[in-house]
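Below is the file query.cif, which contains mmCIF, C-alpha atoms and all ligand atoms.
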```
data_final
#
loop_
_atom_site.label_atom_id
_atom_site.label_comp_id
_atom_site.auth_asym_id
_atom_site.auth_seq_id
_atom_site.Cartn_x
_atom_site.Cartn_y
_atom_site.Cartn_z
CA MET A 1 -14.43 4.58 11.49
CA ALA A 2 -15.84 7.97 10.57
CA ALA A 3 -15.19 11.41 12.06
CA ARG A 4 -16.28 11.82 15.70
CA LYS A 5 -16.88 14.91 17.81
CA VAL A 6 -14.54 15.79 20.70
CA THR A 7 -15.73 19.35 21.37
CA ASP A 8 -17.81 21.74 19.28
CA GLY A 9 -14.73 22.77 17.34
CA VAL A 10 -12.65 19.58 17.45
CA MET A 11 -13.34 16.43 15.47
CA SER A 12 -11.41 13.19 15.72
CA VAL A 13 -10.63 11.85 12.24
CA GLY A 14 -8.11 9.14 13.06
CA ILE A 15 -7.88 5.47 12.18
CA LEU A 16 -8.35 2.29 14.19
CA ASN A 17 -5.97 -0.59 13.68
CA PRO A 18 -7.20 -3.35 16.00
CA ILE A 19 -5.14 -6.14 14.43
CA MET A 20 -1.67 -4.64 14.60
CA ARG A 21 0.64 -6.82 16.75
CA ILE A 22 4.11 -5.35 16.16
CA PHE A 23 4.81 -1.63 15.99
CA ASP A 24 8.10 -0.01 14.92
CA VAL A 25 9.61 -3.50 14.50
CA VAL A 26 10.34 -3.82 18.23
CA MET A 27 7.14 -3.13 20.16
CA ARG A 28 4.55 -5.81 20.75
CA THR A 29 1.08 -4.32 20.45
CA ASP A 30 -1.19 -6.98 21.91
CA TYR A 31 -4.20 -4.70 21.74
CA GLY A 32 -3.70 -3.10 18.33
CA THR A 33 -3.35 0.65 18.00
CA THR A 34 -5.02 3.78 16.69
CA TYR A 35 -3.60 6.66 14.67
CA ASN A 36 -5.36 9.69 16.11
CA SER A 37 -5.76 12.87 14.13
CA TYR A 38 -7.94 15.92 14.71
CA VAL A 39 -9.62 18.69 12.77
CA VAL A 40 -9.92 21.98 14.68
CA ARG A 41 -12.25 24.58 13.23
CA GLY A 42 -12.25 28.22 14.22
CA ARG A 43 -14.52 30.92 12.81
CA GLU A 44 -12.06 31.74 10.06
CA LYS A 45 -9.57 28.98 9.78
CA THR A 46 -9.24 25.22 10.01
CA ALA A 47 -6.31 23.14 11.20
CA LEU A 48 -5.59 19.44 10.90
CA ILE A 49 -3.44 18.10 13.74
CA GLU A 50 -1.26 15.02 13.20
CA THR A 51 -1.84 12.95 10.09
CA CYS A 52 -1.69 9.21 9.64
CA HIS A 53 0.25 6.15 8.52
CA LEU A 54 0.36 5.90 4.74
CA THR A 55 -1.33 2.48 4.73
CA TYR A 56 -4.66 3.98 5.83
CA TRP A 57 -4.83 6.86 3.40
CA GLU A 58 -8.22 6.02 1.88
CA GLN A 59 -10.16 5.73 5.13
CA TYR A 60 -8.33 8.68 6.60
CA TRP A 61 -9.16 10.88 3.63
CA LYS A 62 -12.85 9.91 3.95
CA ASN A 63 -12.81 10.82 7.63
CA ILE A 64 -11.31 14.23 6.90
CA GLN A 65 -13.95 14.89 4.28
CA GLU A 66 -16.67 14.07 6.80
CA ALA A 67 -15.27 16.62 9.21
CA CYS A 68 -14.58 19.45 6.79
CA ASP A 69 -14.03 20.45 3.20
CA PRO A 70 -10.31 19.63 2.73
CA ALA A 71 -9.92 22.71 0.54
CA THR A 72 -10.62 24.80 3.64
CA ILE A 73 -7.76 23.32 5.65
CA ASP A 74 -5.36 26.20 6.30
CA TYR A 75 -2.85 24.43 8.52
CA ILE A 76 -1.53 20.91 8.90
CA ILE A 77 0.20 20.72 12.27
CA LEU A 78 2.74 17.96 12.86
CA ASN A 79 3.54 17.73 16.56
CA HIS A 80 6.00 14.95 15.71
CA CYS A 81 7.22 13.61 12.39
CA GLU A 82 7.48 9.87 12.89
CA PRO A 83 5.90 8.24 9.82
CA ASP A 84 2.97 6.85 11.81
CA HIS A 85 1.90 10.52 11.96
CA SER A 86 3.45 11.88 8.80
CA GLY A 87 3.16 8.98 6.33
CA VAL A 88 0.34 10.56 4.34
CA LEU A 89 1.73 14.09 4.51
CA ALA A 90 3.15 14.26 0.98
CA LYS A 91 -0.18 13.05 -0.40
CA LEU A 92 -2.15 15.40 1.82
CA ALA A 93 -0.06 18.33 0.71
CA GLN A 94 -1.17 17.62 -2.86
CA HIS A 95 -4.82 17.21 -1.86
CA CYS A 96 -4.90 20.30 0.38
CA PRO A 97 -2.94 22.83 -1.68
CA ASN A 98 -4.03 25.73 0.54
CA ALA A 99 -2.67 24.21 3.70
CA GLN A 100 0.50 25.45 5.35
CA ILE A 101 2.49 22.79 7.19
CA ILE A 102 3.44 23.74 10.76
CA CYS A 103 6.17 22.00 12.74
CA SER A 104 9.14 22.59 15.03
CA GLN A 105 12.60 23.51 13.77
CA ALA A 106 13.85 19.92 14.04
CA GLY A 107 10.59 18.73 12.50
CA SER A 108 11.18 20.87 9.42
CA ILE A 109 14.45 19.07 8.72
CA TYR A 110 12.97 15.61 9.28
CA LEU A 111 9.84 16.29 7.24
CA LYS A 112 11.88 17.51 4.32
CA ASN A 113 13.63 14.15 4.25
CA ILE A 114 10.45 12.18 4.94
CA THR A 115 8.28 13.82 2.28
CA ASN A 116 11.07 14.56 -0.22
CA LEU A 117 8.87 17.37 -1.54
CA SER A 118 11.04 19.70 -3.61
CA ASP A 119 8.96 22.77 -2.70
CA PHE A 120 8.65 21.90 0.99
CA LYS A 121 8.38 25.15 2.94
CA PRO A 122 6.88 24.56 6.36
CA ARG A 123 6.16 27.27 8.90
CA VAL A 124 8.54 26.66 11.78
CA VAL A 125 7.13 27.49 15.22
CA ARG A 126 8.94 28.03 18.50
CA ASP A 127 7.95 27.61 22.13
CA GLY A 128 5.03 29.94 22.90
CA ASP A 129 4.17 30.83 19.29
CA SER A 130 0.49 30.68 18.46
CA ILE A 131 -1.91 30.86 15.55
CA ASP A 132 -5.44 32.25 15.62
CA LEU A 133 -8.19 30.26 13.90
CA GLY A 134 -10.87 32.80 14.86
CA GLY A 135 -12.16 32.19 18.37
CA LYS A 136 -9.66 29.38 18.80
CA THR A 137 -6.00 29.90 19.53
CA LEU A 138 -3.46 27.16 19.04
CA ARG A 139 -0.31 27.62 21.10
CA PHE A 140 2.80 25.52 20.56
CA ILE A 141 4.75 24.04 23.43
CA MET A 142 8.12 22.54 22.58
CA ALA A 143 8.53 19.06 24.06
CA PRO A 144 11.91 17.83 22.83
CA PHE A 145 12.67 14.10 23.22
CA LEU A 146 9.06 13.27 23.96
CA HIS A 147 10.01 11.17 22.18
CA TRP A 148 11.94 12.60 19.21
CA PRO A 149 13.94 15.83 19.15
CA ASP A 150 11.18 17.39 17.01
CA SER A 151 8.27 16.70 19.39
CA MET A 152 5.94 19.47 20.51
CA PHE A 153 2.44 19.86 21.97
CA THR A 154 -0.36 22.09 20.69
CA TRP A 155 -2.70 23.72 23.21
CA CYS A 156 -6.15 25.03 22.36
CA GLU A 157 -6.94 27.43 25.18
CA GLU A 158 -10.62 28.04 24.37
CA ASP A 159 -11.58 24.36 24.18
CA LYS A 160 -9.08 23.29 26.87
CA VAL A 161 -7.68 20.62 24.58
CA LEU A 162 -4.04 19.58 24.63
CA PHE A 163 -2.82 17.77 21.53
CA SER A 164 0.11 15.83 22.95
CA CYS A 165 1.03 13.45 20.12
CA ASP A 166 2.62 10.27 21.57
CA PHE A 167 2.91 11.71 25.10
CA LEU A 168 0.37 9.98 27.40
CA GLY A 169 -0.78 7.78 24.54
CA CYS A 170 -0.61 4.03 24.10
CA HIS A 171 -1.13 1.24 21.63
CA TYR A 172 -4.63 0.21 22.51
CA CYS A 173 -7.63 -0.03 20.27
CA GLU A 174 -11.28 -0.10 21.20
CA PRO A 175 -14.01 1.31 18.99
CA HIS A 176 -14.46 4.34 21.28
CA ASP A 177 -12.47 7.55 21.44
CA PHE A 178 -12.59 8.34 25.14
CA ASP A 179 -11.16 6.91 28.33
CA THR A 180 -14.68 6.95 29.81
CA ASN A 181 -15.65 4.00 27.62
CA ILE A 182 -12.76 1.59 28.08
CA VAL A 183 -14.14 -1.94 28.22
CA TYR A 184 -10.97 -3.73 29.37
CA PRO A 185 -9.26 -1.32 31.80
CA THR A 186 -6.53 -3.71 32.94
CA LYS A 187 -5.49 -4.35 29.33
CA TYR A 188 -5.48 -0.61 28.71
CA GLU A 189 -3.29 -0.09 31.79
CA ASP A 190 -0.92 -2.80 30.59
CA ALA A 191 -0.67 -1.08 27.19
CA PHE A 192 -0.19 2.33 28.82
CA LEU A 193 2.74 1.09 30.90
CA GLY A 194 4.25 -0.83 27.96
CA TYR A 195 4.07 2.25 25.78
CA TYR A 196 5.64 4.47 28.43
CA THR A 197 8.46 1.98 29.01
CA ALA A 198 9.33 1.56 25.34
CA ILE A 199 8.86 5.12 24.15
CA PHE A 200 9.48 7.42 27.12
CA GLY A 201 11.48 5.20 29.48
CA PRO A 202 14.78 6.37 27.92
CA PHE A 203 13.92 10.05 28.56
CA PRO A 204 12.87 10.43 32.21
CA SER A 205 14.18 13.97 32.67
CA TYR A 206 12.40 15.11 29.51
CA VAL A 207 9.19 13.52 30.79
CA GLN A 208 9.54 15.64 33.93
CA ASN A 209 10.11 18.75 31.80
CA GLY A 210 7.08 17.98 29.65
CA LEU A 211 4.86 17.45 32.69
CA ALA A 212 6.08 20.71 34.22
CA LYS A 213 5.19 22.58 31.03
CA ILE A 214 1.58 21.37 30.96
CA LYS A 215 0.95 21.29 34.73
CA GLY A 216 -0.60 24.76 34.81
CA LEU A 217 -3.01 24.11 31.93
CA ASP A 218 -6.65 23.43 32.71
CA ILE A 219 -6.86 20.45 30.36
CA GLU A 220 -10.32 18.99 29.73
CA TYR A 221 -9.30 16.71 26.87
CA LEU A 222 -5.86 15.34 26.24
CA CYS A 223 -5.96 14.39 22.58
CA ASN A 224 -2.98 12.11 22.10
CA SER A 225 -2.04 10.28 18.93
CA HIS A 226 -2.54 6.64 19.99
CA GLY A 227 -5.25 5.07 22.12
CA PRO A 228 -8.13 6.68 23.99
CA ILE A 229 -8.37 10.44 24.49
CA LEU A 230 -7.82 11.19 28.20
CA THR A 231 -10.40 13.33 29.95
CA LYS A 232 -10.45 15.44 33.10
CA GLY A 233 -11.95 13.55 36.03
CA CYS A 234 -11.49 10.18 34.36
CA ARG A 235 -7.96 8.99 33.53
CA LEU A 236 -6.13 12.21 32.73
CA GLU A 237 -4.97 12.97 36.28
CA SER A 238 -3.90 9.40 37.05
CA ALA A 239 -2.09 9.09 33.71
CA MET A 240 -0.06 12.22 34.44
CA ALA A 241 0.64 11.01 37.99
CA LEU A 242 1.91 7.69 36.63
CA TYR A 243 4.25 9.45 34.19
CA ASP A 244 5.51 11.54 37.08
CA GLN A 245 6.08 8.45 39.22
CA TRP A 246 7.72 6.41 36.45
CA SER A 247 10.10 9.22 35.49
CA GLN A 248 11.41 9.93 39.00
CA PRO A 249 15.20 9.42 39.29
CA HIS A 250 15.92 5.86 40.36
CA HIS A 251 18.46 5.15 43.10
CA ASN A 252 19.21 1.67 44.38
CA ALA A 253 19.34 1.46 48.19
CA VAL A 254 22.57 -0.56 47.88
CA LYS A 255 24.90 -0.98 44.90
CA THR A 256 23.24 -3.47 42.59
CA VAL A 257 25.46 -5.51 40.29
CA PRO A 258 23.73 -8.46 38.58
CA VAL A 259 25.85 -11.13 36.92
CA PHE A 260 24.21 -12.73 33.87
CA TYR A 261 25.55 -15.74 32.03
CA CYS A 262 24.87 -18.69 29.76
CA SER A 263 26.86 -21.87 30.07
CA ALA A 264 26.64 -25.13 28.10
CA TYR A 265 28.96 -27.13 30.39
CA GLY A 266 29.00 -24.98 33.52
CA ASN A 267 32.41 -23.37 33.02
CA THR A 268 31.21 -19.82 32.41
CA GLY A 269 28.82 -20.37 35.34
CA LEU A 270 31.76 -21.18 37.67
CA ALA A 271 33.36 -17.86 36.77
CA ALA A 272 30.06 -16.03 37.40
CA LYS A 273 30.08 -17.17 41.04
CA GLU A 274 33.68 -16.05 41.56
CA ILE A 275 32.96 -12.66 39.99
CA LYS A 276 30.20 -12.27 42.55
CA ARG A 277 32.65 -13.08 45.36
CA GLY A 278 35.09 -10.50 44.04
CA ILE A 279 32.43 -7.79 43.92
CA LEU A 280 31.37 -8.55 47.51
CA GLU A 281 34.96 -8.36 48.73
CA ILE A 282 35.01 -4.70 47.68
CA ILE A 283 31.37 -3.78 48.44
CA PRO A 284 30.14 -6.22 51.13
CA ASP A 285 26.57 -4.93 51.17
CA ALA A 286 26.16 -4.92 47.38
CA LYS A 287 23.21 -6.78 45.91
CA VAL A 288 24.79 -9.26 43.50
CA ASP A 289 22.33 -11.73 41.98
CA VAL A 290 23.67 -14.32 39.57
CA TYR A 291 21.31 -15.22 36.71
CA ASP A 292 21.54 -18.15 34.34
CA ILE A 293 19.89 -16.31 31.46
CA ASN A 294 18.00 -19.35 30.20
CA GLU A 295 16.35 -19.87 33.60
CA HIS A 296 14.65 -16.46 33.73
CA ALA A 297 12.15 -14.44 31.75
CA MET A 298 13.96 -12.02 29.45
CA GLY A 299 11.69 -9.15 30.58
CA ASP A 300 12.79 -9.63 34.22
CA LEU A 301 16.47 -9.80 33.27
CA GLN A 302 16.09 -6.69 31.14
CA ALA A 303 14.57 -4.82 34.10
CA GLN A 304 17.39 -6.00 36.43
CA LEU A 305 20.04 -4.93 33.96
CA ASN A 306 18.58 -1.52 33.23
CA ARG A 307 18.14 -0.72 36.94
CA SER A 308 21.61 -1.91 37.93
CA ASP A 309 24.60 0.21 38.94
CA ALA A 310 26.94 -2.07 36.99
CA PHE A 311 26.64 -5.54 35.51
CA ALA A 312 28.61 -8.50 34.20
CA VAL A 313 27.62 -10.75 31.33
CA GLY A 314 29.21 -14.05 30.39
CA SER A 315 29.03 -16.36 27.41
CA PRO A 316 30.96 -19.38 26.20
CA THR A 317 32.28 -19.19 22.66
CA ILE A 318 30.12 -21.38 20.45
CA ASN A 319 30.90 -21.42 16.74
CA ALA A 320 33.10 -18.36 16.93
CA ASP A 321 30.68 -16.08 18.77
CA ALA A 322 28.77 -15.45 22.01
CA VAL A 323 25.44 -17.27 22.25
CA ALA A 324 22.03 -15.96 21.19
CA PRO A 325 20.40 -15.46 24.66
CA VAL A 326 23.31 -13.23 25.69
CA TRP A 327 22.96 -11.19 22.53
CA GLU A 328 19.27 -10.92 23.17
CA LEU A 329 19.87 -9.61 26.68
CA LEU A 330 22.30 -7.03 25.37
CA SER A 331 19.75 -6.02 22.75
CA HIS A 332 17.55 -4.87 25.65
CA VAL A 333 20.15 -2.54 27.15
CA ASP A 334 18.70 0.95 27.10
CA ALA A 335 21.59 2.70 25.38
CA ILE A 336 20.50 6.13 26.56
CA THR A 337 20.07 5.60 30.29
CA ASN A 338 22.93 3.07 30.62
CA LYS A 339 25.61 5.24 29.05
CA LYS A 340 28.89 4.96 31.00
CA LYS A 341 27.57 2.18 33.24
CA PRO A 342 30.42 -0.20 34.25
CA ALA A 343 30.13 -3.56 32.51
CA LEU A 344 32.26 -6.69 32.48
CA ALA A 345 32.34 -9.44 29.82
CA PHE A 346 33.54 -12.95 30.64
CA GLY A 347 33.40 -16.49 29.34
CA SER A 348 34.99 -19.85 28.77
CA TYR A 349 36.23 -20.93 25.35
CA GLY A 350 37.90 -23.89 23.68
CA TRP A 351 40.27 -22.68 21.00
CA SER A 352 39.43 -19.35 19.32
CA GLY A 353 37.52 -17.47 22.08
CA GLU A 354 35.60 -14.81 20.14
CA ALA A 355 32.73 -14.43 22.66
CA VAL A 356 34.40 -12.02 25.09
CA PRO A 357 35.94 -9.66 22.51
CA ASN A 358 32.65 -9.63 20.59
CA LEU A 359 30.72 -8.79 23.75
CA ILE A 360 33.20 -6.03 24.53
CA ALA A 361 32.78 -4.60 21.03
CA ARG A 362 29.03 -4.47 21.61
CA MET A 363 29.50 -2.90 25.05
CA ASN A 364 31.71 -0.24 23.52
CA GLY A 365 29.06 0.37 20.87
CA LEU A 366 26.56 0.93 23.68
CA LYS A 367 29.01 3.40 25.28
CA LEU A 368 29.17 1.39 28.49
CA ALA A 369 32.25 1.76 30.69
CA VAL A 370 33.87 -1.54 29.78
CA CYS A 371 35.82 -3.17 32.60
CA GLY A 372 39.39 -3.92 31.52
CA GLU A 373 39.98 -6.56 28.86
CA GLY A 374 37.19 -8.75 30.14
CA LEU A 375 37.88 -12.24 31.42
CA LYS A 376 38.35 -15.27 29.19
CA PHE A 377 39.76 -18.67 30.06
CA GLN A 378 40.18 -21.97 28.25
CA PHE A 379 37.67 -24.77 29.01
CA VAL A 380 37.41 -25.57 32.73
CA PRO A 381 38.61 -22.69 34.92
CA SER A 382 41.78 -23.49 36.85
CA GLU A 383 42.45 -22.14 40.37
CA SER A 384 44.29 -19.22 38.81
CA ASP A 385 41.39 -18.58 36.38
CA LEU A 386 39.02 -18.49 39.36
CA GLU A 387 41.29 -16.01 41.10
CA ARG A 388 41.31 -13.92 37.87
CA ALA A 389 37.50 -14.05 37.96
CA ARG A 390 37.45 -12.75 41.55
CA GLU A 391 39.87 -10.01 40.52
CA ALA A 392 37.65 -9.08 37.58
CA GLY A 393 34.75 -8.79 40.06
CA ARG A 394 36.85 -6.59 42.34
CA GLU A 395 37.86 -4.42 39.40
CA LEU A 396 34.23 -4.01 38.36
CA ALA A 397 33.25 -3.07 41.94
CA ARG A 398 36.08 -0.54 42.12
CA MET A 399 34.55 1.27 39.14
CA LEU A 400 31.53 2.17 41.30
C1 LIG A 501 28.89 -26.60 19.53
C2 LIG A 501 30.11 -25.99 20.10
C3 LIG A 501 30.85 -25.11 19.35
C4 LIG A 501 32.00 -24.49 19.88
N1 LIG A 501 32.67 -23.56 19.13
C5 LIG A 501 33.76 -22.95 19.66
C6 LIG A 501 34.47 -21.98 18.92
O1 LIG A 501 34.13 -21.65 17.80
N2 LIG A 501 35.54 -21.38 19.48
C7 LIG A 501 35.95 -21.68 20.75
O2 LIG A 501 36.86 -21.06 21.24
N3 LIG A 501 35.30 -22.63 21.47
C8 LIG A 501 34.23 -23.26 20.96
N4 LIG A 501 33.56 -24.23 21.68
C9 LIG A 501 34.11 -24.65 22.97
C10 LIG A 501 33.42 -24.00 24.16
O3 LIG A 501 33.62 -22.61 24.15
C11 LIG A 501 34.02 -24.58 25.43
O4 LIG A 501 33.60 -25.93 25.54
C12 LIG A 501 33.66 -23.83 26.70
O5 LIG A 501 34.37 -24.33 27.77
C13 LIG A 501 32.19 -23.94 27.02
O6 LIG A 501 31.93 -23.16 28.15
P1 LIG A 501 30.62 -23.38 29.02
O7 LIG A 501 30.83 -24.59 29.86
O8 LIG A 501 30.49 -22.17 29.85
O9 LIG A 501 29.50 -23.55 28.06
C14 LIG A 501 32.43 -24.84 21.18
C15 LIG A 501 31.67 -25.73 21.93
C16 LIG A 501 30.52 -26.29 21.41
C17 LIG A 501 29.72 -27.22 22.28
FE FE A 502 6.44 8.57 17.78
FE FE A 503 3.25 7.62 17.33
#
```

Write the structure described by the file as structure tokens, please.
Amino acid sequence: MAARKVTDGVMSVGILNPIMRIFDVVMRTDYGTTYNSYVVRGREKTALIETCHLTYWEQYWKNIQEACDPATIDYIILNHCEPDHSGVLAKLAQHCPNAQIICSQAGSIYLKNITNLSDFKPRVVRDGDSIDLGGKTLRFIMAPFLHWPDSMFTWCEEDKVLFSCDFLGCHYCEPHDFDTNIVYPTKYEDAFLGYYTAIFGPFPSYVQNGLAKIKGLDIEYLCNSHGPILTKGCRLESAMALYDQWSQPHHNAVKTVPVFYCSAYGNTGLAAKEIKRGILEIIPDAKVDVYDINEHAMGDLQAQLNRSDAFAVGSPTINADAVAPVWELLSHVDAITNKKKPALAFGSYGWSGEAVPNLIARMNGLKLAVCGEGLKFQFVPSESDLERAREAGRELARML
């Protein structure tokens, strides 16, 4: 897709990728994605904002050439250095020898190691710094952890355009640039939420900071780096309101302690019920739901775990390890927001009993507050094993 106009001075030169289905290894992208990039032309100078994934170099280069003479590009601004936005940078630097690369302090370190250019000398900008293109001023707004430490926004006061990189973007591809043209709004909304959850969900306080920094700006166009550009009066206001809502601190009305388990012969399941009893002995009004992992959708379990105040997870030992569904659940623990959350490992075993220690090792790796030594017992739990399970539940509850 060729270069398209956003405002008189801003052209969109990005790339559509409608067939992408997995992004960054872990994110499903059911609706493809776009790599947005923009050329901003002032009277005297020209800036290119964000670049593109290396795979799409040829089309991207054509788009740039449609928007401007690349030899006239004075600045290449990287609001964020992830390779979906910086992949072509080393190549671009060769093709645009007059261009100065602009990024944040953290970005300068990352870009050096991403481009491996020996003569890499970017211009580092700080919060509030600006450059003048001649009738267009670009001001830089630091936005750390939205979603990398290097992230920043670029604000063009005259055109009322905020270049926000991944912030308020999403993996969604239609052959139009603007939110006014979205053909499948519910799919877009699904993608918008999915993107927020995966990319910004771990950083709610930073989302609040970022929103506060741009609240006073009279934004007409929010030019993000994935998905449709958001416009004033269409989706911009609601998108910002959703980010505000989703990033509010979450407090459970009562202590919420889900107990997850897998069990081939029911033994680990018996312990799960007793752990629940133990928790309720200490906190009678706690919400303690017991989940057989295989009976529920992983997405629901993931949400329960991440919103909990503490949790327990149990697995039998099968072939010297915990079982795959339990590992999968633990792979969905948000390591940033769950830090120091109390967690208990438990499970039945036959002879070697690796499941519980292996789960505890993983919990320690996630920096959870691991409850004691965990609870393991051989084959069918005896009366004293069941009492130990209740005690493990009590101990977990006492950590709250
Ligand atoms: C296929 C299979 C492999 C097993 N491998 C181990 C093992 O390596 N080490 C061990 O301690 N127990 C092993 N066991 C025994 C189980 O851990 C034991 O039967 C346990 O009580 C099952 O608990 P559950 O009823 O919660 O599934 C194995 C059991 C099965 C069925
Ligand atoms: Fe990113
Ligand atoms: Fe991105």

Of A:Gln94, A:Ser315, A:Ser308, A:Thr180, the one sitting nearest Ala71 (chain A) when using all atoms listed in the file is A:Gln94

Please list as JSON, numbers by chain every residue within 8 Å of region 210-221 of chain A, counting only C-alpha atoms and excluding residues in the same chain fewer than 4 positions away. {"A": [141, 143, 146, 159, 160, 161, 162, 206, 229, 230, 231, 232, 240, 244]}

To one decimal in Å, tell me the separation between CA of Tyr195 (chain A) and CA of Gly169 (chain A). 7.5 Å

How many Å separate CA of Ala343 (chain A) from CA of Val257 (chain A)? 9.3 Å

Near Asp190 (chain A), counting all atoms listed in the file, which residues have an atom at most 12 Å away, once you skip same-chain residues fewer than 2 positions from it, shown as a ChimeraX atom specification? /A:28-31,170-172,184-188,192-197

Check which residues fall inside 9 Å of ligand FE 502 (chain A) when counting all atoms listed in the file, and print them as a ChimeraX atom specification. /A:80-85,146-148,151,165-167,199,225

Between A:Gly233, A:Leu270, A:Phe200, A:Lys276, smallest distance to Thr337 (chain A) by only C-alpha atoms belongs to A:Phe200

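With distances restricted to only C-alpha atoms, A:Val313 is the closest residue to Ala272 (chain A) from A:Cys156, A:Val254, A:Val313, A:Val207.
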
Pull the neighbourhood of (4.8, 12.6, 1.4) for me: all residues within 8 Å in file coordinates, counting only C-alpha atoms, as a count of residues only. 12

Using all atoms listed in the file, which protein or nucleic acid residues come within 7 Å of Asp74 (chain A)? Drop anything in the same chain fewer than 3 positions from it, and give the result as a list of chain:residue names. A:Lys45, A:Thr46, A:Ala47, A:Asn98, A:Ala99, A:Gln100

Give me the residues near Ala324 (chain A) as a list in words, where near means some atom within 12 Å (using all atoms listed in the file) and where sequence neighbours in that chain fewer than 6 positions away do not count. Tyr261, Cys262, Ser263, Ile293, Asn294, Gly314, Ser315, Pro316, Thr317, Ile318, Leu330, Ser331, Ala355 and Leu359 of chain A

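Between Glu58 (chain A) and the residues A:Gln208, A:Ser247, A:Ile15, A:Glu274, the shortest atom-to-atom distance, using only C-alpha atoms, involves A:Ile15.
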